[in-house]
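All remarks here apply to the structure that follows.
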Amino acid sequence: MTRLRWLIPTVYILFLMLPIYWLLIMSFKTTNEILGGFSAWPQNFTVESYVEIFTDPTWYNGYINSITYVAINTVISVAFALPAAYAFSRYRFLGDKHLFFWLLTNRMAPPAVFALPFLQLYSAMGLFDTHLAVALSHCLFNIPLAVWILEGFMSGVPKEIDETAYIDGYSFPRFFTRIFMPLVASGIGVTAFFCFMFSWVELLLAKTLTSVEAKPIAAVMTRTASTSGYELGLLAAAGVLTIIPGAIVIWFVRNYIAKGFALGRV
Amino acid sequence: MNKTWNNGAWFMVLPVLLIVALNAVVPLMTVVNYSVQETFGDNLFFFEGARWFRDVLASERFHASLGRQFVFTGIILAIEIPLGVAIALAMPRGGIWASVCLVLMALPLLIPWNVVGAMWNIFALPDIGLLGYGLNWLGFDYNFTRQPLSAWFTVVLMDVWHWTSLVVLLAYAGLRSIDDSYYQAARIDGASRWAVFRFIQLPKLKHVLTIAFLLRFMDSFMIYTEPFVLTGGGPGNTTTFLSIDLVKAALGEFNLGIAAAMSLIYFLMTLLVCWLFYTLMMQGSEKS
């Protein structure tokens with residue numbers, strides 16, 4: 001019984017890999033072959049779909065747009081959340097618990113509820129179809145998440161360190177950037193990873209707030225799926241390319257990812 | 001940690017407060033505004049009071065999508081939580097294999113949600129997809145674009161594929177935090193495998209499982225993109241969950257009043273669960 005224990009994770013991982021494998025081999029098939037019938041391996045191996053994505057501006061601009069707003073969002077979220085998380089982890093102040101709870105409710109709010117009002121709000125601000133609009137709207141769930149995760153990591157740093165630094169004559173900004181931030185560096189890394197992740201996977205708001213200039217890759221894909229017939233090979237190749245950034249960054253945070261999902265509270 | 005009382009800390013929280021308020025309070029007020037008015041275009045609005053709320057609460061359509069939502073959330077919780085714990089228990093305790101497992105398992109979590117839908121669409125197509133072709137080859141009559149049962153099976157399987165890893169990761173982190181001396185004591189007492197699970201591992205997992213349970217509840221409750229891309233809510237309305245129905249009403253049919261009232265009812269439900277989550281989690285962290 002115990003000797004066969006490794007089977008359970010192995011079977012589970014195989015199950016996880018199957019759809020990804022299918023997507024991968026679809027991306028190397030020609031459209032004719034895909035629609036021609038079932039085959040577990042590409043008969044005419046082709047990289048045509050990838051070539052098209054890397055040469056057609058509507059496709060590769062989708063990736064550039066997505067990465068741009070994800071990066072802006074990650075920077076804003078972490079920068080804004082750092083002082084707030086410090087305040088929550090070190091001080092008690094009027095209404096702190098209510099504020100902390102209110103932040104959490106925004107992480108849990110269904111984006112569908114906000115889609116239409118966001119469209120009007122960002123149109124009124126003249127930001128419709130800009131990267132900034134998507135980045136700011138993703139702050140709705142990413143800033144609360146960042147505050148929560150960072151607060152969890154910061155609470156693990158003993159308060160005596162702050163006090164010692166003040167006695168040694170450090171000013172607050174110098175203490176914060178020179179001493180405190182290096183101490184919670186892993187927490188900042190994990191937070192940035194989670195902001196990246198949730199902004200990267202979200203589609204509903206990103207699609208609602210853009211039309212041409214800032215259109216995310218996910219929206220380019222849905223358009224392809226509906227208008228230009230059934231170019232499954234192209235769609236599969238585009239899908240494969242969206243998996244790669246996540247697969248790369250995940251390796252760096254593998255030991256902290258659970259702590260991040262538990263909002264810094266394991 | 002004993003915290004000092006300092007209202008000056010408000011200044012550190014202020015930037016976050018402002019940016020989240022812009023994103024949360026303004027749209028929410030817009031929704032409240034719509035939910036009590038009727039419009040005939042041209043920006044002419046008439047006060048309607050609670051009419052839309054009465055309409056939504058009495059409508060068959062809302063009851064149906066709410067019902068589907070609860071059934072879906074119930075099914076995936078019943079599968080994902082026990083499965084996730086079982087896998088976490090069987091994982092290697094450390095070393096390179098544990099890292100490899102963690103990274104491979106976390107992979108589905110990082111795939112954009114519409115790609116998850118598209119991927120499962122290709123995977124489940126009855127004529128050319130591995131899953132669909134395989135099931136038909138095995139003798140099952142499977143076609144998720146035509147049969148409600150197949151569609152549900154596919155949507156549930158997709159969610160299990162997508163999110164079970166979250167439960168695994170959390171349960172694994174919880175198990176790692178158990179000190180080895182507990183296991184040694186259990187071995188000396190000659191405790192059975194079941195007793196070790198029941199009296200050592202399960203109590204330690206309580207906290208992380210609370211988080212896993214409520215995160216999965218909330219996220220499955222607002223699921224939109226994956227089923228929308230996979231089935232488009234069909235066949236018929238059989239996989240139209242709350243968010244899909246809401247977006248249909250708001251952006252598709254432009255029934256602003258109905259959509260707004262629905263949004264608020266929906267939002268209040270999530271708020272209630274959120275409060276429960278917060279209370280349970282804070283209790284957990286105060287004890288530990």
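Just so we're on the same page: first chain in the structure tokens is A, next is B, and so on; residues restart at 1 for each chain, and ligands are numbered from 1 in the order they show up.
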
Taking only C-alpha atoms into account, what are the residues of chain B at most 6 Å from chain A, put as an mmCIF file with N, CA and C atoms, in the first residue's frame?
data_model
loop_
_atom_site.group_PDB
_atom_site.id
_atom_site.type_symbol
_atom_site.label_atom_id
_atom_site.label_comp_id
_atom_site.auth_asym_id
_atom_site.auth_seq_id
_atom_site.Cartn_x
_atom_site.Cartn_y
_atom_site.Cartn_z
ATOM 1 N N LYS B 3 0.305 45.200 18.909
ATOM 2 C CA LYS B 3 0.449 46.337 18.008
ATOM 3 C C LYS B 3 0.213 47.625 18.771
ATOM 4 N N THR B 4 0.929 48.678 18.378
ATOM 5 C CA THR B 4 0.709 49.965 19.024
ATOM 6 C C THR B 4 -0.442 50.685 18.334
ATOM 7 N N TRP B 5 -1.170 51.471 19.118
ATOM 8 C CA TRP B 5 -2.286 52.239 18.576
ATOM 9 C C TRP B 5 -1.730 53.485 17.905
ATOM 10 N N ASN B 6 -1.971 53.643 16.632
ATOM 11 C CA ASN B 6 -1.430 54.791 15.909
ATOM 12 C C ASN B 6 -2.341 55.134 14.745
ATOM 13 N N ASN B 7 -3.124 56.205 14.910
ATOM 14 C CA ASN B 7 -4.049 56.578 13.830
ATOM 15 C C ASN B 7 -3.329 57.183 12.634
ATOM 16 N N ALA B 9 -1.254 55.701 11.000
ATOM 17 C CA ALA B 9 -1.121 54.606 10.035
ATOM 18 C C ALA B 9 -2.122 54.741 8.897
ATOM 19 N N MET B 12 -0.694 55.622 5.587
ATOM 20 C CA MET B 12 -0.061 54.568 4.813
ATOM 21 C C MET B 12 -1.094 53.739 4.056
ATOM 22 N N VAL B 13 -2.310 53.715 4.595
ATOM 23 C CA VAL B 13 -3.362 52.905 3.989
ATOM 24 C C VAL B 13 -4.111 53.708 2.927
ATOM 25 N N VAL B 16 -4.056 52.907 -0.973
ATOM 26 C CA VAL B 16 -4.802 51.683 -1.269
ATOM 27 C C VAL B 16 -6.300 51.954 -1.200
ATOM 28 N N VAL B 20 -8.747 51.441 -4.465
ATOM 29 C CA VAL B 20 -9.761 50.391 -4.394
ATOM 30 C C VAL B 20 -11.159 51.010 -4.354
ATOM 31 N N ASN B 23 -12.370 51.763 -7.723
ATOM 32 C CA ASN B 23 -12.783 50.569 -8.442
ATOM 33 C C ASN B 23 -13.987 49.866 -7.841
ATOM 34 N N PRO B 27 -18.325 52.005 -9.050
ATOM 35 C CA PRO B 27 -19.160 51.068 -9.814
ATOM 36 C C PRO B 27 -20.331 50.517 -9.010
ATOM 37 N N ILE B 87 -4.436 13.503 -2.485
ATOM 38 C CA ILE B 87 -3.212 13.650 -3.274
ATOM 39 C C ILE B 87 -2.095 14.252 -2.428
ATOM 40 N N ALA B 90 -0.379 11.752 -0.338
ATOM 41 C CA ALA B 90 0.459 10.786 -1.049
ATOM 42 C C ALA B 90 1.683 11.433 -1.676
ATOM 43 N N LEU B 110 -2.144 28.681 -13.751
ATOM 44 C CA LEU B 110 -1.569 29.855 -14.401
ATOM 45 C C LEU B 110 -1.971 30.004 -15.850
ATOM 46 N N ILE B 111 -2.898 29.195 -16.297
ATOM 47 C CA ILE B 111 -3.330 29.289 -17.683
ATOM 48 C C ILE B 111 -4.518 30.247 -17.747
ATOM 49 N N PRO B 112 -4.487 31.232 -18.658
ATOM 50 C CA PRO B 112 -5.627 32.153 -18.763
ATOM 51 C C PRO B 112 -6.935 31.380 -18.897
ATOM 52 N N TRP B 113 -7.986 31.913 -18.258
ATOM 53 C CA TRP B 113 -9.210 31.136 -18.119
ATOM 54 C C TRP B 113 -9.872 30.830 -19.448
ATOM 55 N N VAL B 115 -8.247 30.300 -22.162
ATOM 56 C CA VAL B 115 -7.456 29.232 -22.771
ATOM 57 C C VAL B 115 -7.859 27.887 -22.157
ATOM 58 N N PHE B 123 -10.158 19.450 -26.451
ATOM 59 C CA PHE B 123 -9.912 18.155 -25.821
ATOM 60 C C PHE B 123 -11.181 17.296 -25.823
ATOM 61 N N ILE B 128 -12.869 14.918 -32.822
ATOM 62 C CA ILE B 128 -11.419 15.053 -32.941
ATOM 63 C C ILE B 128 -10.704 15.233 -31.606
ATOM 64 N N LEU B 169 -2.097 22.089 -3.005
ATOM 65 C CA LEU B 169 -1.025 22.974 -2.538
ATOM 66 C C LEU B 169 -1.253 23.402 -1.095
ATOM 67 N N LEU B 170 -2.496 23.802 -0.798
ATOM 68 C CA LEU B 170 -2.788 24.269 0.554
ATOM 69 C C LEU B 170 -2.665 23.127 1.557
ATOM 70 N N MET B 222 -18.366 32.563 -8.752
ATOM 71 C CA MET B 222 -18.325 33.638 -9.757
ATOM 72 C C MET B 222 -17.731 33.145 -11.067
ATOM 73 N N SER B 243 -22.968 34.159 -13.217
ATOM 74 C CA SER B 243 -22.228 35.226 -13.895
ATOM 75 C C SER B 243 -22.556 35.286 -15.379
ATOM 76 N N SER B 263 -27.166 41.909 -9.904
ATOM 77 C CA SER B 263 -25.802 42.113 -9.405
ATOM 78 C C SER B 263 -25.802 42.304 -7.894
#

- Item | Residue list (helix (DSSP H, G or I), DSSP) for stretch 34-254 of chain B, as a ChimeraX atom specification | /B:34-35,51-58,60-90,95-110,113-124,130-137,148-176,180-188,193-221,225-231,242-252

- Query: atom CA of A:Gly189 and atom CA of A:Thr74 are how many Å apart?
  - Reply: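 Computed distance, atom CA of A:Gly189 to atom CA of A:Thr74, equals 10.7 Å.
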
- Query: Residues of stretch 16-54 of chain B in strand (DSSP E or B) according to DSSP, as a list in words?
  - Reply: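 Strand (DSSP E or B) members of stretch 16-54 of chain B, listed: Gln37, Glu38, Thr39, Phe45, Phe46 and Phe47 of chain B.
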
- Item | Gap from atom CA of B:Ala50 to atom CA of B:Phe254 - Å, one decimal |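 Rounded to one decimal, the two atoms are 18.8 Å apart.
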
- Task: Tell me, as a list in words, which residues lie within 9 Å of B:Arg216, counting only C-alpha atoms; anything in the same chain fewer than 6 positions away does not count.
- Result: Thr73, Ile76, Leu77, Glu80, Ile81, Trp163, Leu166 and Val167 of chain B

Emit the selected residues as a short mmCIF file (atom, residue, chain, number, x, y, z; two decimals), in the first residue's frame, including C-alpha atoms.
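Writing done, so here's out-v4.cif:
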data_model
loop_
_atom_site.label_atom_id
_atom_site.label_comp_id
_atom_site.auth_asym_id
_atom_site.auth_seq_id
_atom_site.Cartn_x
_atom_site.Cartn_y
_atom_site.Cartn_z
CA THR B 73 -20.49 24.57 -6.58
CA ILE B 76 -17.01 20.53 -7.40
CA LEU B 77 -16.47 21.07 -3.66
CA GLU B 80 -12.03 18.71 -5.16
CA ILE B 81 -11.60 18.91 -1.39
CA TRP B 163 -8.57 23.91 -9.40
CA LEU B 166 -5.15 24.66 -5.26
CA VAL B 167 -6.50 22.31 -2.58
#

- One-decimal distance in Å that lies between atom CA of A:Phe153 and atom CA of A:Val184: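 Atom-to-atom, atom CA of A:Val184 and atom CA of A:Phe153 are spaced 6.6 Å apart.
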
- Item | Contact residues around B:Phe277 with only C-alpha atoms at 7 Å, ignoring same-chain residues under 4 positions, as a PyMOL selection string | chain B and resi 214+273+281

Please produce a file of the residues just selected, as a tab-separated table (two decimals), in the first residue's frame, where the atoms kept are N, CA and C atoms.
chain	number	residue	atom	x	y	z
B	214	LEU	N	-13.38	27.85	1.31
B	214	LEU	CA	-14.05	29.11	1.01
B	214	LEU	C	-13.53	29.76	-0.26
B	273	VAL	N	-20.93	35.17	2.47
B	273	VAL	CA	-19.97	34.08	2.56
B	273	VAL	C	-18.60	34.62	2.93
B	281	MET	N	-11.53	32.44	9.54
B	281	MET	CA	-10.09	32.52	9.36
B	281	MET	C	-9.44	33.25	10.52

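Counting only C-alpha atoms and comparing B:Ile188, B:Leu22, B:Glu48, B:Ala124, the residue that lies closest to B:Ser150 is B:Ala124.
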